[in-house]
Structure formats: structure tokens, C-alpha cells
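Visitor: For reference, the structure I am asking about is given below.
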There are 2 protein chains.
Amino acid sequence: MQEATPAPRSAGGPQAPKTVSIRDVAKEAGVSHQTVSRVVNGHPKVKESTRARVLDVIAEMGYTPNRMARALAGGAVRSVTVLTSDTSLYGASATLKGIEEAARAADFAVGISVLDTGAAQQPADVAARVSRPGEAVLVIAFDAPGVQAWQALPVGFPAAAAVERPEDGSPGDRPQLWLDDRAAAAQATRYLLGLGHETVRYLAIPSSTTRVGRRTEGWRDALRAAGKPLPEPLDAGWSPRSGYLTARSLLADPSVTAVLCGNDDLALGVLRAAREAGRDVPGDLSVVGFDDAPHAAYAHPALTTVRLDFEGLGRGCFGLLHRLLEPDTAPALPLWAEPELIVRESSGPAPSRRDRPKG
Amino acid sequence: MQEATPAPRSAGGPQAPKTVSIRDVAKEAGVSHQTVSRVVNGHPKVKESTRARVLDVIAEMGYTPNRMARALAGGAVRSVTVLTSDTSLYGASATLKGIEEAARAADFAVGISVLDTGAAQQPADVAARVSRPGEAVLVIAFDAPGVQAWQALPVGFPAAAAVERPEDGSPGDRPQLWLDDRAAAAQATRYLLGLGHETVRYLAIPSSTTRVGRRTEGWRDALRAAGKPLPEPLDAGWSPRSGYLTARSLLADPSVTAVLCGNDDLALGVLRAAREAGRDVPGDLSVVGFDDAPHAAYAHPALTTVRLDFEGLGRGCFGLLHRLLEPDTAPALPLWAEPELIVRESSGPAPSRRDRPKG
DNA sequence: AGGGGTAGTGTGAACGGTAACATTTGCCCT
DNA sequence: AGGGCAAATGTTACCGTTCACACTACCCCT
């Protein structure tokens with residue numbers, strides 16, 4: 001732990017940084033400040049020669065529009081605040097990355113505000129996080145705090161969200177995007193069933209709403225469609241530790257041969273529990289994760305998982321918001337990848353009856 | 001991949017969101033707007049009864065100061081832009097988390113801007129990322145792009161940084177903080193040496209400067225001090241894959257019994273390479289990581305690593321900046337934890353000669 | 001020649017705050 | 001009683017931008 005001596009307070013020395021404003025440019029170019037504003041904002045009715053001259057002066061003087069003033073004056077905000085709960089989770093952080101990328105490309109500033117997990121999100125709280133009334137907001141609503149924040153946002157608000165599922169009743173047409181977790185979970189489950197497992201257990205991440213999560217639904221869908229027994233899903237948290245604790249009791253049951261996890265971290269915990277229980281993965285037990293976090297491929301055994309294009313989702317969300325804010329100039333919505341099952345080492349054929357450890 | 005129909009453009013309907021300004025509050029409370037401003041900013045010379053009344057009205061009307069206007073008017077900026085390169089790396093994201101936490105506590109808005117890795121950071125580029133001339137900046141400079149951005153920042157700029165190492169020559173007193181990586185690496189190395197290993201190999205993360213990294217230095221220090229052979233450090237990247245590839249050739253050498261890695265991700269890769277090479281960890285080979293990322297405890301075997309308090313570092317950096325910006329009101333610098341060696345399963349006594357696989 | 005559109009430009013007033021200075025009030029002192 | 005001072009409050013200007021509108025040319029039409 002070290003600290004350099006702080007630099008002396010900038011005492012507004014002889015050479016004040018001298019910010020160059022739109023009026024400075026105007027004077028230099030011999031036009032009114034409003035004309036400069038028009039040039040900067042690409043207004044069509046400016047004579048070509050004037051535009052060129054102004055642009056020259058701008059380049060020469062190194063003028064940059066002041067975002068604050070621009071926003072204050074009621075112009076385009078060009079700034080988004082991302083509301084998210086836990087950036088240490090892969091899904092959220094990858095989505096954020098996508099948003100930032102797209103926002104930067106569109107010359108938007110991006111702010112970030114982390115939601116307190118636990119505390120319910122009051123409309124007033126949420127509003128207070130936004131720098132300016134009317135400032136745009138992007139919510140990463142994969143968990144309960146996120147969804148609450150999203151719902152707490154006044155409807156007129158320029159905002160979009162990445163959600164786990166679209167809201168049920170209520171105004172169903174808010175600008176929001178989601179990945180098809182349900183189909184992805186169903187696909188993973190079918191894969192395991194196809195390997196000969198009699199059924200698949202599911203370790204659920206916390207649901208973002210009062211209803212059961214989409215991934216849980218997908219898992220159920222597949223089980224039902226295959227006419228397999230449908231056990232209770234197991235409620236877990238987000239962390240490896242949570243997966244470990246939940247799996248410890250589950251794996252005492254020798255009939256459990258396949259476990260689908262709500263995310264890769266849980267799967268990591270399950271892997272450890274399996275090791276401790278003396279269960280060979282994938283020999284005795286197949287474990288499948290979700291998300292394809294960066295470390296999933298380097299677990300032991302390497303995790304079979306479902307790759308989700310969170311970055312693409314983030315880009316999409318920003319695009320949605322952009323289109324909302326600037327319907328005429330915003331580019332078309334970018335595409336993102338479908339969920340994809342990545343088969344690695346942690347899953348395999350169901351153990352044949354005689355190999356299976358005796359109950 | 002799904003998309004809800006975008007909400008119709010908010011057409012400024014009958015009930016415009018009607019933002020409540022300082023003048024609205026003033027009128028309602030029967031005072032001048034300036035008095036409201038004074039109350040909001042905790043100016044001392046306001047009569048207690050007036051203050052109470054104004055505060056009541058503020059609460060009642062739900063007034064929130066407009067950040068933009070405040071900044072425009074030349075008040076305190078109360079906003080930081082964090083410059084970072086790769087948020088998917090644990091160190092950077094944890095530091096960001098700490099910054100955000102401290103910033104929120106101090107009622108600062110935080111913006112984020114991701115540096116292009118690869119491209120050199122030009123002063124102009126960096127300046128352009130900042131919303132307003134004079135806006136404060138916090139740089140997470142653990143890698144080369146970060147350091148370049150930090151160096152490209154004009155000296156007068158209100159900025160602070162979390163760095164791998166303090167800059168060498170140059171103005172050595174810029175506001176910056178760092179964790180004692182060097183001591184931490186030395187500690188880990190001593191620990192391994194104490195376990196009987198003849199020497200320790202080191203997989204280096206890329207250095208943030210032209211010089212060798214601090215962790216590398218610490219490792220060298222310990223080896224030298226113990227009079228042990230000092231092999232060349234191995235240059236790796238940041239990812240598990242990089243650790244895997246680097247370790248693959250290294251582990252062919254049976255005399256290698258202890259590997260220290262520049263981060264936990266590299267260690268994950270080494271673990272996999274060890275498995276493939278038929279090396280038992282920790283029996284034949286000890287592997288030690290760095291950072292104590294969340295998944296380190298759930299690797300197989302669980303990683304021995306050095307816990308670094310990145311969140312604390314982030315809080316500290318923000319505190320440094322805060323003190324710079326508001327010397328009179330900013331609280332004292334928060335403390336953060338010293339690096340700490342966390343011994344788990346991936347390290348153990350050096351194999352005795354006769355156990356060691358034959359070269 | 002006068003009327004009407006339109007391209008190009010300028011003017012003044014916001015936007016919501018803070019800073020600097022002006023003003024009012026109340027108290028103490030001589 | 002009047003001068004001096006400090007506390008409490010009000011007034012005005014300004015930050016850098018956009019918006020709404022006014023204005024000037026100029027062209028086209030009848």
C-alpha cells in the first residue's frame with residue numbers, strides 16, 4: 001500500500017486551460033454562434049463554403065462541444081447511464097462491454113451506476129441515479145434488483161433494457177431485448193437426454209421475477225416433451241460456493257446422473273462437490289453450465305455449456321435505445337448470435353446400469 | 001433473439017415529465033433560488049428555520065439538482081470518467097467496482113470509457129473521451145494501453161490512477177496508487193521455496209511499461225535473496241489459453257516443480273497443461289496464482305494464490321481524486337488490505353528426489 | 001413591379017444551476 | 001441615536017449550447 005504525494009492543487013495558474021467555446025469559433029470564422037452550432041450538428045441548410053470554413057476553424061482551434069451545455073440546452077443527450085447490479089457476474093459484465101462498444105461507436109458517453117442488491121429499487125432512487133431528467137438509461141435486468149429498477153422507471157423515460165424475460169402483463173411493448181434462454185436450456189437438456197440420461201436435474205439461478213426463470217422453463221419443456229420424470233428444480237444462487245453447497249446434498253443420490261446449472265459458476269461448484277463425492281465427471285455424472293464464461297473452458301473437466309452472446313445483446317440494447325432517441329439517424333439494429341451448445345469434457349453418456357454406483 | 005416493438009417516440013404528450021428546478025422550489029418555499037442553492041450545498045449562513053422549510057419543500061416536490069447545469073455553472077464537477085482497457089480482467093473490474101462504490105458514496109457520477117487495446121493512446125484521443133474540459137479522470141493503468149493513457153493526460157488535469165508501478169523518471173508525484181505486487185510476488189516465491197522447491201519458474205503477465213513487471217521483480221528478489229538459481233521468466237499473456245500454451249513446453253522439463261503465475265487465469269491454463277502432461281498437482285508440481293479471482297477457489301485443485309485488494313485500491317484512487325478536487329471537504333483516504341497469500345490445494349512440498357519423474 | 005416562397009443566416013431567450021455583489025435586517029458599541 | 005459589522009437573503013450575470021423566430025437575399029411567378 002503506497003501513495004505518492006498528491007500533486008499541488010491546480011491553483012488556476014497563469015495559463016488557465018482556456019476552453020474554446022462555440023462563440024470563439026464563431027468570431028474566428030466570422031459567423032454567428034448559431035451557424036457554428038448548425039455546422040456541428042450537420043444541419044442541412046448551411047452553405048457549403050460556410051460549412052467548410054467553420055470546420056476549418058473548428059479543427060484549427062480544437063473545439064469540442066461541451067456535453068453539459070448541450071444537454072442543458074435541451075439538445076440530444078448522447079449519453080446513457082447503465083444500471084446494473086453486479087458487474088462481477090459474467091453476463092452483466094459482457095453485456096456492459098457490448099453496450100460500451102456500441103455507445104462509443106455512436107459517440108455516446110456511458111455512465112454506470114451499480115444497483116444495491118437487496119434493497120428494493122424505488123422509482124425515486126432510480127431517478128436520482130440519472131444525471132439529468134430525460135437522460136437515457138439502459139438497464140441490465142438479469143436479476144431482481146435490475147428488474148425492479150427497470151419497472152420503477154417511468155414509462156415515458158427514454159430507456160431500454162436487457163432482460164431475462166419480457167414483463168408479463170403490463171405495457172408489453174417497452175423497448176427491451178432478451179436472449180432465448182428458454183430454447184437454450186431446452187437444447188442443453190435435450191442434449192443430455194440424448195446421451196441416455198433418465199432425467200436431468202437443474203440448479204436454478206435466482207429468478208429475476210416472481211415467476212420461475214426462463215432457463216428453468218426450457219429445462220422443463222424438454223423434460224416434458226421427452227416424457228421424462230420432472231424433478232423439482234433446486235434453488236441456488238450465482239456463486240460457485242452456492243453451486244457447491246447445493247450439489248453436495250444432491251449428489252448423495254446415486255440416481256442423479258446429469259445436472260444442468262443456471263450458470264458456469266454454479267457448475268464449477270458442482271464439479272467440486274462431485275469430486276468430493278467421488279463421482280467421476282463425465283463418467284458417473286454429466287455437468288452442463290450456462291453462459292460460456294471465459295474460465296469455463298479451463299475448468300477440470302472443461303465445462304460443456306451454452307454460449308450466450310451477451311456482448312451482442314448489449315450492442316442490440318444500445319441500438320434499440322439509439323433508435324428510440326434518434327429515429328432518423330440511428331443505424332439498423334445489429335444482429336447477435338443465437339445461443340449455442342458448446343460440448344466439452346464435462347458431459348457424456350449416461351452410465352450404464354451396472355456401472356452406476358449402488359444406492 | 002427477440003425484440004419487442006419499440007415504444008412510440010415520446011411525442012411530448014399532454015403530461016410532459018415536468019422537471020422541478022431550483023426556482024420552482026424557491027417559489028414554493030417563498031425564498032430566492034439562491035437560498036435554495038445554499039441549502040442544497042450546505043452553505044453555513046442560512047437560518048435554521050429557512051433551511052428546514054426549504055428542505056421540506058425539496059422532499060415534497062422531489063427536487064434533484066441537475067448535474068449538467070451544476071457543472072456548466074462552474075460548480076464542482078462531481079463526475080469521474082474511468083479509463084480502463086479490459087473490464088473482463090478481474091483486476092480491472094474489481095478496481096472499477098471499488099471506484100464506483102466510493103464515487104457513489106461521495107455522490108459522484110461515474111462514466112466509463114474503454115481503451116482500445118493495441119492502438120497507442122494519443123493525448124487528443126484521451127482528452128476527447130472526457131465529457132467536459134476539466135472533468136476528472138481515473139485511469140486503471142495495469143497494462144500498456146492504460147499506462148499510455150495515463151501518461152498522455154496533460155499534467156494539470158484533475159486525474160488519478162491505479163498503476164502497476166509508479167512512473168520512473170518524470171514528475172514522480174502524480175496522484176497515483178499501487179498495490180505492492182513486488183512484495184506479494186516475493187512472498188509467494190518465498191513460500192514455495194520454503195516448501196523445498198529448488199527454484200520457482202514464473203509466467204509473466206505482459207508488463208505495463210518497457211521495464212519488467214513488479215511481480216517479476218518480486219519473484220527475482222526472493223530467488224536472489226535465497227541464493228537460488230534464477231531462470232528466465234516466461235512471457236505469457238492474460239488468458240488461461242496463454243497460460244496453457246506457455247506451460248505446455250515448460251512442463252516437459254521434469255526439473256520444474258513450482259510455477260508462479262502472473263494471474264489466476266494463467267494458473268488455470270497451467271493446471272490444464274499439467275494434467276495433460278501427467279503431472280500431479282500439488283504432488284509433482286506446485287502452481288500458485290495471483291489476484292484471487294472468484295473462481296480461483298473452485299479450480300481443481302483449488303488455487304493457492306495471492307489475494308489483492310483491488311476494490312480497496314479502487315476506493316483509494318477515488319479518494320485521492322476526491323481530495324484533489326475538494327481538498328477541504330473530502331474525507332481521509334480509506335485504507336485497503338495488504339496482499340495476502342491464500343494457501344489452497346495447488347501447492348505443496350517439493351517432490352523428493354526419488355519421487356520425481358525421471359528426466 | 002409586386003408578392004411569395006425558400007435557402008442561408010442572425011438575434012434573443014431559454015436551460016438550471018453557481019458566483020459575485022448588493023441589500024436588508026438585527027445587534028452591539030460608544 | 002447613529003455607526004459599524006455580521007448574518008441572512010435577494011439580484012444579476014454568466015456558463016455553452018440549442019431552440020424559436022426574425023430577418024435578408026434571391027429566385028420564380030403572375
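By order in the C-alpha cells, chains are A, B, ...; within a chain, residues start at 1; ligands start at 1, following the order shown.
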Counting only C-alpha atoms (C1' of nucleotides), what is within 10 Å of Glu101 in chain B, bar same-chain residues fewer than 3 positions away, as a list in words?
Guide: Ser113, Val114 and Asp116 of chain A; Thr95, Leu96, Lys97, Gly98, Arg104, Ala105, Ala106, Asp107, Phe108, Val110, Glu311, Gly312, Gly314, Arg315 and Phe318 of chain B
Visitor: Can you pull out every residue within 12 Å of DC5 in chain D, counting only C-alpha atoms (C1' of nucleotides), but drop anything in the same chain fewer than 6 positions away, and send it as a CSV table (one decimal) with N, CA, C and O atoms (P, O5', C5', C4', C3', O3' and C1' of nucleotides), in the first residue's frame?
Guide:
chain,number,residue,atom,x,y,z
C,25,DT,P,-35.9,45.1,5.7
C,25,DT,O5',-35.3,44.5,7.0
C,25,DT,C5',-35.1,43.1,7.1
C,25,DT,C4',-34.1,42.7,8.2
C,25,DT,C3',-34.4,43.3,9.5
C,25,DT,O3',-34.9,42.3,10.4
C,25,DT,C1',-32.1,43.2,9.0
C,26,DG,P,-35.5,42.7,11.8
C,26,DG,O5',-34.3,42.4,12.8
C,26,DG,C5',-33.6,41.2,12.8
C,26,DG,C4',-32.3,41.3,13.6
C,26,DG,C3',-32.5,42.0,14.9
C,26,DG,O3',-31.9,41.1,15.9
C,26,DG,C1',-30.7,43.0,13.7
C,27,DC,P,-32.2,41.4,17.5
C,27,DC,O5',-30.7,41.7,17.9
C,27,DC,C5',-29.7,40.8,17.6
C,27,DC,C4',-28.3,41.5,17.8
C,27,DC,C3',-28.2,42.2,19.1
C,27,DC,O3',-27.2,41.6,19.9
C,27,DC,C1',-27.4,43.5,17.2
C,28,DC,P,-26.9,42.0,21.4
C,28,DC,O5',-25.6,42.9,21.2
C,28,DC,C5',-24.5,42.3,20.5
C,28,DC,C4',-23.5,43.4,20.3
C,28,DC,C3',-23.2,44.2,21.6
C,28,DC,O3',-21.8,44.2,21.8
C,28,DC,C1',-23.7,45.7,19.8
C,29,DC,P,-21.2,44.7,23.2
C,29,DC,O5',-20.5,46.2,22.8
C,29,DC,C5',-19.8,46.2,21.6
C,29,DC,C4',-19.6,47.7,21.2
C,29,DC,C3',-19.3,48.6,22.4
C,29,DC,O3',-18.0,49.2,22.2
C,29,DC,C1',-21.0,49.5,21.0
Visitor: Calculate how many Å separate CA of Ala186 in chain B from CA of Asp221 in chain B, rounding to one decimal.
Guide: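 Computing it gives 6.4 Å between the two atoms.
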Visitor: Using the chain letters and numbers from this document, which residues of range 177-216 of chain A does DSSP assign to strand (DSSP E or B), as JSON, numbers by chain?
Guide: {"A": [177, 178, 201, 202, 203, 204]}
Visitor: How would the residues just picked look written out with N, CA and C atoms as a PDB file, in the first residue's frame?
Guide:
ATOM      1  N   LEU A 177     -34.834  -6.260 -24.832  1.00  0.00           N
ATOM      2  CA  LEU A 177     -34.294  -7.356 -25.625  1.00  0.00           C
ATOM      3  C   LEU A 177     -33.964  -8.507 -24.690  1.00  0.00           C
ATOM      4  N   TRP A 178     -34.013  -9.686 -25.219  1.00  0.00           N
ATOM      5  CA  TRP A 178     -33.589 -10.811 -24.397  1.00  0.00           C
ATOM      6  C   TRP A 178     -33.029 -11.911 -25.266  1.00  0.00           C
ATOM      7  N   ARG A 201     -31.258 -33.023 -13.637  1.00  0.00           N
ATOM      8  CA  ARG A 201     -31.579 -32.120 -12.521  1.00  0.00           C
ATOM      9  C   ARG A 201     -31.157 -30.720 -12.905  1.00  0.00           C
ATOM     10  N   TYR A 202     -31.804 -29.740 -12.306  1.00  0.00           N
ATOM     11  CA  TYR A 202     -31.472 -28.361 -12.647  1.00  0.00           C
ATOM     12  C   TYR A 202     -31.175 -27.530 -11.402  1.00  0.00           C
ATOM     13  N   LEU A 203     -30.025 -26.878 -11.416  1.00  0.00           N
ATOM     14  CA  LEU A 203     -29.675 -25.935 -10.357  1.00  0.00           C
ATOM     15  C   LEU A 203     -30.003 -24.540 -10.859  1.00  0.00           C
ATOM     16  N   ALA A 204     -31.027 -23.951 -10.262  1.00  0.00           N
ATOM     17  CA  ALA A 204     -31.523 -22.680 -10.789  1.00  0.00           C
ATOM     18  C   ALA A 204     -30.792 -21.485 -10.198  1.00  0.00           C
TER      19      ALA A 204
END
Visitor: Pick out the closest residue to chain B from this set: C:DA7, C:DA1, C:DC21, C:DC15. Count only C-alpha atoms (C1' of nucleotides).
Guide: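 The answer is C:DC15, which sits nearest to chain B.
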Visitor: Give me, as a Markdown table, the closest atom pair and its distance (Å, one decimal) for every residue of chain B within a cut-off of 6 Å of chain C, counting only C-alpha atoms (C1' of nucleotides), rows sorted by chain and rising number.
Guide:
| residue | atom | partner | partner_atom | distance |
| --- | --- | --- | --- | --- |
| B:Ala69 | CA | C:DG17 | C1' | 4.8 |
| B:Arg70 | CA | C:DG17 | C1' | 4.8 |
| B:Ala73 | CA | C:DT18 | C1' | 5.4 |
Visitor: Taking all heavy atoms for each residue, export the selection above as a PDB file, in the first residue's frame.
Guide:
ATOM      1  N   ALA B  69     -26.356  21.236 -15.322  1.00  0.00           N
ATOM      2  CA  ALA B  69     -26.433  22.668 -15.033  1.00  0.00           C
ATOM      3  C   ALA B  69     -25.383  23.039 -13.996  1.00  0.00           C
ATOM      4  O   ALA B  69     -24.693  24.050 -14.110  1.00  0.00           O
ATOM      5  CB  ALA B  69     -27.822  23.014 -14.530  1.00  0.00           C
ATOM      6  N   ARG B  70     -25.275  22.197 -13.013  1.00  0.00           N
ATOM      7  CA  ARG B  70     -24.328  22.465 -11.942  1.00  0.00           C
ATOM      8  C   ARG B  70     -22.905  22.555 -12.495  1.00  0.00           C
ATOM      9  O   ARG B  70     -22.150  23.484 -12.189  1.00  0.00           O
ATOM     10  CB  ARG B  70     -24.437  21.321 -10.941  1.00  0.00           C
ATOM     11  CG  ARG B  70     -23.706  21.567  -9.680  1.00  0.00           C
ATOM     12  CD  ARG B  70     -23.960  20.434  -8.708  1.00  0.00           C
ATOM     13  NE  ARG B  70     -24.992  20.760  -7.742  1.00  0.00           N
ATOM     14  CZ  ARG B  70     -25.344  19.950  -6.758  1.00  0.00           C
ATOM     15  NH1 ARG B  70     -24.783  18.771  -6.649  1.00  0.00           N
ATOM     16  NH2 ARG B  70     -26.261  20.311  -5.903  1.00  0.00           N
ATOM     17  N   ALA B  73     -22.342  25.648 -14.660  1.00  0.00           N
ATOM     18  CA  ALA B  73     -22.234  26.895 -13.918  1.00  0.00           C
ATOM     19  C   ALA B  73     -20.885  27.025 -13.220  1.00  0.00           C
ATOM     20  O   ALA B  73     -20.662  27.956 -12.480  1.00  0.00           O
ATOM     21  CB  ALA B  73     -23.364  26.980 -12.903  1.00  0.00           C
TER      22      ALA B  73
END
Visitor: Using only C-alpha atoms (C1' of nucleotides) and a cut-off of 9 Å, which residues of chain D sit close to chain A? Please list them as a ChimeraX atom specification.
Guide: /D:15-19
Visitor: Select, from A:Ala152, A:Val40, A:Ala293, A:Ala144, the residue with the minimum atom-to-atom distance to chain B, counting only C-alpha atoms.
Guide: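 Comparing A:Ala152, A:Val40, A:Ala293, A:Ala144 against chain B, the winner is A:Ala293.
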Visitor: Which residues, written as an MDAnalysis selection string, have at least one atom at most 10 Å from Ala161 in chain A, with only C-alpha atoms (C1' of nucleotides) counted and residues fewer than 5 positions away on the same chain left out?
Guide: chainID A and resid 82:83 137:142 146:147 150 166 174:178 313:314 316:318 320:321
Visitor: Run DSSP on the backbone and grab whatever in range 98-289 of chain B lands in alpha helix (DSSP H); send it over as a PyMOL selection string.
Guide: chain B and resi 98-105+123-128+144-152+181-194+214-225+240-250+264-276
Visitor: Using only C-alpha atoms (C1' of nucleotides), determine which residues lie at most 10 Å from Glu338 in chain B, disregarding the query and same-chain residues fewer than 3 positions distant; provide the list as a PDB file with N, CA and C atoms, in the first residue's frame.
Guide:
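Produced file out32.pdb, reproduced below:
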ATOM      1  N   MET A   1       0.839  -1.196   0.000  1.00  0.00           N
ATOM      2  CA  MET A   1       0.000   0.000   0.000  1.00  0.00           C
ATOM      3  C   MET A   1       0.873   1.244   0.000  1.00  0.00           C
TER       4      MET A   1
ATOM      5  N   LEU B 179      -0.676  -1.312  -5.602  1.00  0.00           N
ATOM      6  CA  LEU B 179      -0.576  -2.381  -4.615  1.00  0.00           C
ATOM      7  C   LEU B 179       0.858  -2.868  -4.639  1.00  0.00           C
ATOM      8  N   ASP B 180       1.287  -3.442  -3.545  1.00  0.00           N
ATOM      9  CA  ASP B 180       2.684  -3.849  -3.506  1.00  0.00           C
ATOM     10  C   ASP B 180       2.869  -5.238  -4.124  1.00  0.00           C
ATOM     11  N   ASP B 181       2.750  -5.262  -5.438  1.00  0.00           N
ATOM     12  CA  ASP B 181       2.880  -6.512  -6.183  1.00  0.00           C
ATOM     13  C   ASP B 181       4.229  -7.158  -5.949  1.00  0.00           C
ATOM     14  N   ALA B 183       6.312  -7.063  -3.345  1.00  0.00           N
ATOM     15  CA  ALA B 183       6.399  -7.787  -2.078  1.00  0.00           C
ATOM     16  C   ALA B 183       5.531  -9.037  -2.113  1.00  0.00           C
ATOM     17  N   ALA B 184       4.366  -8.910  -2.754  1.00  0.00           N
ATOM     18  CA  ALA B 184       3.453 -10.041  -2.798  1.00  0.00           C
ATOM     19  C   ALA B 184       4.070 -11.202  -3.572  1.00  0.00           C
ATOM     20  N   ARG B 307      -3.999 -12.892  -2.634  1.00  0.00           N
ATOM     21  CA  ARG B 307      -5.185 -12.051  -2.675  1.00  0.00           C
ATOM     22  C   ARG B 307      -4.773 -10.587  -2.703  1.00  0.00           C
ATOM     23  N   LEU B 308      -5.317  -9.868  -3.683  1.00  0.00           N
ATOM     24  CA  LEU B 308      -5.013  -8.449  -3.813  1.00  0.00           C
ATOM     25  C   LEU B 308      -6.306  -7.656  -3.628  1.00  0.00           C
ATOM     26  N   ASP B 309      -6.238  -6.615  -2.876  1.00  0.00           N
ATOM     27  CA  ASP B 309      -7.451  -5.862  -2.578  1.00  0.00           C
ATOM     28  C   ASP B 309      -7.701  -4.789  -3.641  1.00  0.00           C
ATOM     29  N   GLY B 312     -10.381  -2.217  -2.738  1.00  0.00           N
ATOM     30  CA  GLY B 312      -9.832  -1.215  -1.833  1.00  0.00           C
ATOM     31  C   GLY B 312      -8.960  -0.218  -2.585  1.00  0.00           C
ATOM     32  N   LEU B 335      -8.445   3.034   3.854  1.00  0.00           N
ATOM     33  CA  LEU B 335      -7.347   2.065   3.836  1.00  0.00           C
ATOM     34  C   LEU B 335      -7.717   0.867   2.992  1.00  0.00           C
ATOM     35  N   LEU B 341      -1.183 -14.026   1.068  1.00  0.00           N
ATOM     36  CA  LEU B 341      -1.065 -15.328   0.414  1.00  0.00           C
ATOM     37  C   LEU B 341      -2.171 -16.248   0.911  1.00  0.00           C
TER      38      LEU B 341
END
Visitor: Excluding range 257-259 of chain A and its own-chain neighbours fewer than 3 positions away, which residues fall within 10 Å of it when counting only C-alpha atoms (C1' of nucleotides)? Please give them as JSON, numbers by chain.
Guide: {"A": [189, 192, 193, 195, 196, 197, 198, 199, 200, 201, 202, 203, 247, 250, 251, 253, 254, 262, 267, 270, 279, 281, 282, 283, 284, 285, 286, 287, 288, 289, 347, 348, 349, 350, 351, 356]}
Visitor: Those residues you just picked out, can you put them in a file as a compact mmCIF listing (two decimals), in the first residue's frame with C-alpha atoms?
Guide:
# COMPACT_ATOMS: atom_id res chain seq x y z
CA THR A 189 -31.47 -30.64 -21.68
CA LEU A 192 -28.25 -34.65 -22.06
CA LEU A 193 -31.35 -36.74 -22.58
CA LEU A 195 -26.94 -39.08 -24.09
CA GLY A 196 -29.16 -41.57 -22.32
CA HIS A 197 -29.72 -39.88 -19.01
CA GLU A 198 -33.06 -40.75 -17.50
CA THR A 199 -33.66 -37.26 -16.37
CA VAL A 200 -31.75 -34.06 -15.75
CA ARG A 201 -31.58 -32.12 -12.52
CA TYR A 202 -31.47 -28.36 -12.65
CA LEU A 203 -29.67 -25.93 -10.36
CA ALA A 247 -24.85 -30.01 -5.13
CA LEU A 250 -27.97 -33.61 -4.37
CA LEU A 251 -25.08 -35.82 -5.34
CA ASP A 253 -28.39 -39.54 -4.57
CA PRO A 254 -26.77 -42.00 -6.99
CA GLY A 262 -28.03 -21.98 -14.33
CA ALA A 267 -21.24 -25.64 -12.43
CA VAL A 270 -20.93 -28.75 -8.70
CA ARG A 279 -18.25 -39.06 -8.62
CA VAL A 281 -17.27 -36.44 -14.35
CA PRO A 282 -18.30 -37.23 -17.03
CA GLY A 283 -18.20 -40.97 -16.26
CA ASP A 284 -20.73 -41.03 -13.43
CA LEU A 285 -22.11 -37.61 -13.80
CA SER A 286 -22.60 -35.08 -16.57
CA VAL A 287 -22.45 -31.41 -15.68
CA VAL A 288 -23.51 -28.67 -18.04
CA GLY A 289 -23.10 -25.00 -17.39
CA SER A 347 -20.74 -34.31 -20.19
CA GLY A 348 -21.02 -37.78 -21.60
CA PRO A 349 -23.19 -40.85 -21.99
CA ALA A 350 -25.26 -41.91 -19.03
CA PRO A 351 -23.52 -44.59 -17.01
CA ARG A 356 -23.67 -46.98 -11.72
